[in-house]
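Just below is one structure, and these are the notes that go with it.
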Amino acid sequence: MLIGPSLPLAQLGSDPVAALESFSLDLSRNGRHIETGKGSNVLGNPLAAVAHLVSVLAKQGNYAPLHAGEIVTTGTITTANSIQAGEAWQSELHGVAMPGLRVKFSAKELDHGSQ
């Protein structure tokens with residue numbers, strides 16, 4: 001899992017739920033388009049996924065509620081893909097004011113991640 005910088009919610013505009021539902025993401029590997037996904041692929045939108053988690057935790061007394069600063073992964077916008085050493089991946093977001101991601105994987109990074 002790669003985590004980027006925190007962004008203020010206000011950056012998503014006056015309706016963050018609609019913004020996270022309707023944005024799209026183009027995923028590329030080594031400069032070739034792999035897939036386009038939408039925020040709605042994650043239980044309608046990523047905020048709905050977090051709301052569902054909060055609701056489930058509230059019903060299960062033996063689990064603590066979420067706390068400020070915790071990291072929650074809401075699911076994937078695109079299908080999960082395998083990575084190989086030497087590959088360069090890029091995402092480009094449309095319809096939302098968030099940056100995409102560029103990352104190149106080395107054999108050392110992949111070996112470290114499997115430990």
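Going through the structure tokens in order, the chains are called A, B, and so on, while each chain numbers its residues from 1 and the ligands are numbered from 1 in the order shown.
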Which residues of region 64-99 of chain A come within 8 Å of region 22-41 of chain A, and for each one, what is the closest pair of atoms and their distance in Å to one decimal, counting only C-alpha atoms, sorted by chain and residue number, as CSV?
residue,atom,partner,partner_atom,distance
A:Thr76,CA,A:Asn41,CA,7.6
A:Ile77,CA,A:Gly37,CA,5.1
A:Thr78,CA,A:Gly37,CA,4.8
A:Glu87,CA,A:Asn30,CA,6.0
A:Ala88,CA,A:Asn30,CA,5.0
A:Trp89,CA,A:Arg29,CA,4.5
A:Gln90,CA,A:Ser28,CA,5.2
A:Ser91,CA,A:Leu27,CA,4.6
A:Glu92,CA,A:Asp26,CA,5.2
A:Leu93,CA,A:Leu25,CA,4.5
A:His94,CA,A:Ser24,CA,5.2
A:Gly95,CA,A:Phe23,CA,4.7
A:Val96,CA,A:Phe23,CA,5.7
Based on the backbone DSSP call, show me all residues of chain A assigned strand (DSSP E), as a PyMOL selection string.
chain A and resi 24-29+32-38+88-94+101-104
For the residues selected in the previous step, produce a file with N, CA, C and O atoms as a compact mmCIF listing (two decimals), in the first residue's frame.
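The file below, result-v8.txt, is the result:
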# COMPACT_ATOMS: atom_id res chain seq x y z
N SER A 24 -12.97 9.61 -12.09
CA SER A 24 -12.43 8.42 -12.75
C SER A 24 -10.92 8.41 -12.62
O SER A 24 -10.29 9.43 -12.37
N LEU A 25 -10.36 7.23 -12.78
CA LEU A 25 -8.92 7.03 -12.65
C LEU A 25 -8.45 6.17 -13.82
O LEU A 25 -9.02 5.10 -14.06
N ASP A 26 -7.47 6.67 -14.55
CA ASP A 26 -6.83 5.88 -15.61
C ASP A 26 -5.57 5.26 -15.04
O ASP A 26 -4.74 5.96 -14.46
N LEU A 27 -5.43 3.96 -15.17
CA LEU A 27 -4.28 3.23 -14.66
C LEU A 27 -3.44 2.74 -15.83
O LEU A 27 -3.97 2.13 -16.77
N SER A 28 -2.14 3.02 -15.77
CA SER A 28 -1.21 2.62 -16.83
C SER A 28 -0.03 1.87 -16.25
O SER A 28 0.41 2.14 -15.14
N ARG A 29 0.50 0.93 -17.03
CA ARG A 29 1.72 0.20 -16.68
C ARG A 29 2.67 0.33 -17.85
O ARG A 29 2.32 0.01 -18.99
N ARG A 32 1.35 2.02 -20.93
CA ARG A 32 0.20 1.43 -21.63
C ARG A 32 -1.01 1.45 -20.71
O ARG A 32 -0.94 0.99 -19.56
N HIS A 33 -2.12 1.96 -21.22
CA HIS A 33 -3.36 2.02 -20.44
C HIS A 33 -3.81 0.60 -20.09
O HIS A 33 -3.90 -0.27 -20.95
N ILE A 34 -4.09 0.38 -18.81
CA ILE A 34 -4.55 -0.92 -18.34
C ILE A 34 -6.06 -0.92 -18.13
O ILE A 34 -6.76 -1.83 -18.55
N GLU A 35 -6.55 0.13 -17.45
CA GLU A 35 -7.96 0.13 -17.07
C GLU A 35 -8.37 1.54 -16.63
O GLU A 35 -7.55 2.32 -16.17
N THR A 36 -9.66 1.83 -16.76
CA THR A 36 -10.25 3.03 -16.19
C THR A 36 -11.26 2.59 -15.14
O THR A 36 -12.09 1.71 -15.40
N GLY A 37 -11.15 3.17 -13.95
CA GLY A 37 -12.10 2.87 -12.88
C GLY A 37 -12.79 4.13 -12.43
O GLY A 37 -12.38 5.24 -12.77
N LYS A 38 -13.87 3.96 -11.66
CA LYS A 38 -14.63 5.10 -11.14
C LYS A 38 -14.74 4.97 -9.62
O LYS A 38 -14.73 3.87 -9.08
N ALA A 88 6.83 0.37 -14.32
CA ALA A 88 6.48 1.73 -13.93
C ALA A 88 4.97 1.87 -14.05
O ALA A 88 4.40 1.62 -15.12
N TRP A 89 4.31 2.24 -12.97
CA TRP A 89 2.86 2.39 -12.92
C TRP A 89 2.50 3.85 -12.75
O TRP A 89 3.22 4.60 -12.08
N GLN A 90 1.38 4.24 -13.31
CA GLN A 90 0.93 5.63 -13.22
C GLN A 90 -0.60 5.66 -13.14
O GLN A 90 -1.27 4.86 -13.79
N SER A 91 -1.10 6.56 -12.32
CA SER A 91 -2.53 6.81 -12.30
C SER A 91 -2.77 8.28 -12.62
O SER A 91 -1.97 9.13 -12.28
N GLU A 92 -3.86 8.53 -13.32
CA GLU A 92 -4.26 9.90 -13.63
C GLU A 92 -5.73 10.02 -13.26
O GLU A 92 -6.56 9.21 -13.70
N LEU A 93 -6.06 11.00 -12.41
CA LEU A 93 -7.42 11.19 -11.93
C LEU A 93 -8.11 12.29 -12.71
O LEU A 93 -7.49 13.29 -13.07
N HIS A 94 -9.40 12.10 -12.94
CA HIS A 94 -10.21 13.05 -13.69
C HIS A 94 -11.47 13.35 -12.89
O HIS A 94 -12.09 12.44 -12.34
N LEU A 101 -0.54 9.16 -9.25
CA LEU A 101 0.63 8.51 -8.67
C LEU A 101 1.52 7.98 -9.77
O LEU A 101 1.03 7.50 -10.80
N ARG A 102 2.82 8.09 -9.56
CA ARG A 102 3.81 7.46 -10.45
C ARG A 102 4.77 6.70 -9.57
O ARG A 102 5.31 7.23 -8.60
N VAL A 103 4.99 5.43 -9.88
CA VAL A 103 5.89 4.61 -9.08
C VAL A 103 6.55 3.57 -9.99
O VAL A 103 5.93 3.05 -10.91
N LYS A 104 7.84 3.32 -9.72
CA LYS A 104 8.56 2.27 -10.43
C LYS A 104 9.06 1.28 -9.38
O LYS A 104 9.64 1.69 -8.37
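Proximity of A:Val54, A:Met98, A:Ala18, A:Val72 to Met1 (chain A), computed with only C-alpha atoms, is greatest for A:Val72.
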Compare A:Pro16, A:Leu57, A:Ala68, A:Asn81 by their minimum atom-to-atom distance to Asn45 (chain A), counting only C-alpha atoms, and give me the closest one.
A:Pro16
Taking the DSSP secondary structure from the backbone, can you list the residues of chain A that are helix (DSSP H, G or I), as a count of residues only?
35
Best match for closeness to Val17 (chain A) among A:Leu53, A:Ile71, A:Leu43, A:Ala58, counting only C-alpha atoms
A:Leu43
May I ask for the distance between CA of Leu9 (chain A) and CA of Ala64 (chain A), given in Å to one decimal place?
24.5 Å
So how far away is CA of Leu2 (chain A) from CA of Gly44 (chain A), in Å?
22.5 Å
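One finds CA of Glu21 (chain A) at 16.7 Å from CA of Thr79 (chain A).
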